[in-house]
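Enquirer: Structure provided below as structure tokens; questions to follow.
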Amino acid sequence: MKPFAYIRVTSLQEAAAAYASHPGSRYIGGGTNLVDLMKHGVETPDALIDLTRLPLRDIQELPTGALRVGAGVSNTDLAVHPLVRTRYPALSQALLAGASGQLRNVATTGGNLLQRTRCPYFQDVSKPCNKREPGTGCAARNGVHRDHAVLGHSAHCIATHPSDMAVALTALDAGIELYDGEHGTREVAAADFHRLPGEHPERDTVIRPGEIVTAVLLPPAAPGAVSLYRKARDRASYAFALASVAAVLEIDDGRVRHVALAFGGLAHRPWRARTTEERLTGAVPTDEAVREAVDAELTAARPLPGNAFKVDLARNLARDALGALVRSASGAPPARPRP
Amino acid sequence: MRNPLQQQQADRPPPVGPFRSRVVLRVNGRTHVLDLDNRVTLLDALRELLDLTGSKKGCDHGQCGACTVLVDGRRANSCLLLAVTLDESEIITVEGLAAPDGALTPLQRAFLDHDAFQCGYCTPGQLCSAVGVLREAAAGHPSHVTEAATAADTARPVVLSPEEIAERLSGNLCRCGAYNGIADAVAACAAPATPERTPPPTPRRT
């Protein structure tokens, strides 16, 4: 690991000032991904700016019924919060499906959003990687594709985004609050926060250099809306998703008033299934309607030789999830989410 | 004989420099003031500087759980924590679980009673992780396999079924395959379930 300076800050202004005087620095929250990448030599910051003493560790209910989650809230504290468990079950379930108890106790909400891909070619500095070193090529394209993208990938990068939490936030129409010393605060929709690789796979998100994630904003949960998260992985626990799905559904008088669907494990960012949503909104959610709407979304898939199975896996996960939510929203007991 | 990290500590010229910091670590009730290279992880500080070698370096990347300790009461992978970020934190390692007179905790006793180890390399991490599991369940924290919540559930302790214990200990990987004994030991220490919900776990002896 390269030697680095360590700077502890207690306010956002101090953090921004520290970044301005150390442009080669990284912010550290829980560090569960950053420290790992520093050990691999993938991240080589000149300085770490420690944000854990900032007052960003609260979960507040706002007068509107929205929930404001500080970026320093641990994955554990967010997953177990009573309002998250009862109003946004997809978020709680997504967090609990990710990592291990040890990691969730340390990992933060902001850091979870900014974690890097677990593509093994990205983590191995002896291999070319356009995400790690732009212009060097992509070792994954002719490598093992099992964990790689089937949607939205480019000639330059086929990596997937690893976060479960971000998939739930995308389906829940969450907002992400960002701060920098120069421009103050802005908000970006979770669905627009992560990027597709295109020509610049090294840019995971729309965040600007030096910007700090300060909070996640969850809009008020509509009465009667139900949500869930389902994840398929190679072992029963503690593994990244091969495919996952977060879904939110509201039914009114037998028809879909609101539906949101997002896939994880399939693309460079959580994949919001706008085609499925358009087809189902206003429709009677029969099994047939759900199947057609999900299939229509996945016609965009361009699987690689080693991961065609992911398309079927995602299709089945989405159909099952939406089917379970239709039963639940219609008053039937909810089906239990399974790994 | 000093190991390289201890030697480096002894040789240190300035207390802090561009790449070093002073940090106060409270470990097992004792306070240590250390001048550290910023790169030193909590695991390396414990093992190499404080001679607390119970916490093990397995994968060194947060994947095996052998380095698990309790930080401010919660289990964490000490290999992924930079010691410099833990100033004034309270850390408990496997050496700090037993009473000062050496009396074992019920959990440690249960590990012995249920033969919950083979080579034992990962046992310290399993023990610290299990302390965390028992606390989390008592506080009502759900896991991936816990039933969906109603408002009343969120305040209720979680009954540690075998399925819950397996899920909650999944961050500790033991290639010896001693999981059955470990799960039995944790079940033996779990708060007894209320009779109408789940029968008490039966320790499986061979």
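Residue numbering restarts at 1 in every chain; chains get A, B, ... in the order shown in the structure tokens, and ligands count up from 1 in that same order.
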Mind checking which residues fall within 12 Å of Asn316 (chain A), counting only C-alpha atoms, ignoring those fewer than 5 positions away in the same chain, and posting them as JSON, numbers by chain?

Expert: {"A": [230, 231, 232, 243, 244, 245, 263, 290, 291, 294, 295, 298, 309, 310, 311, 321, 322, 323]}

Enquirer: Could you give me, as an MDAnalysis selection string, the residues within 8 Å of Arg168 (chain B), counting only C-alpha atoms and dropping anything in the same chain fewer than 4 positions from it?

Expert: (chainID A and resid 100:101) or (chainID B and resid 133 143 164)

Enquirer: Within 6 Å of chain B, which residues of chain A come that close, and what is the closest atom pair and distance in Å for each? Count only C-alpha atoms and give it as CSV.

Expert:
```
residue,atom,partner,partner_atom,distance
A:Phe4,CA,B:Phe19,CA,5.4
A:Ala5,CA,B:Phe19,CA,4.7
A:Thr32,CA,B:Leu80,CA,5.7
A:Val35,CA,B:Leu80,CA,5.9
A:Asp36,CA,B:His61,CA,5.9
A:Val80,CA,B:His141,CA,5.6
A:Pro82,CA,B:Thr154,CA,5.6
A:Leu96,CA,B:His144,CA,5.0
A:Ala97,CA,B:His144,CA,5.5
A:Ser100,CA,B:Gly171,CA,4.8
A:Gln102,CA,B:Ala76,CA,4.2
```

Enquirer: What is the CA of Arg141 (chain A)-CA of Lys39 (chain A) distance in Å, reported with one decimal?

Expert: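 It comes out at 25.0 Å.
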
Enquirer: From the DSSP assignment of the backbone, select every residue of region 81-316 of chain A that is helix (DSSP H, G or I), and format the answer as a ChimeraX atom specification.

Expert: /A:82-87,89-96,101-106,109-114,120-123,165-171,190-193,274-280,287-298,309-316

Enquirer: Near Thr281 (chain A), counting only C-alpha atoms, which residues have an atom at most 8 Å away, once you skip same-chain residues fewer than 6 positions from it, shown as a PyMOL selection string?

Expert: chain A and resi 255-259
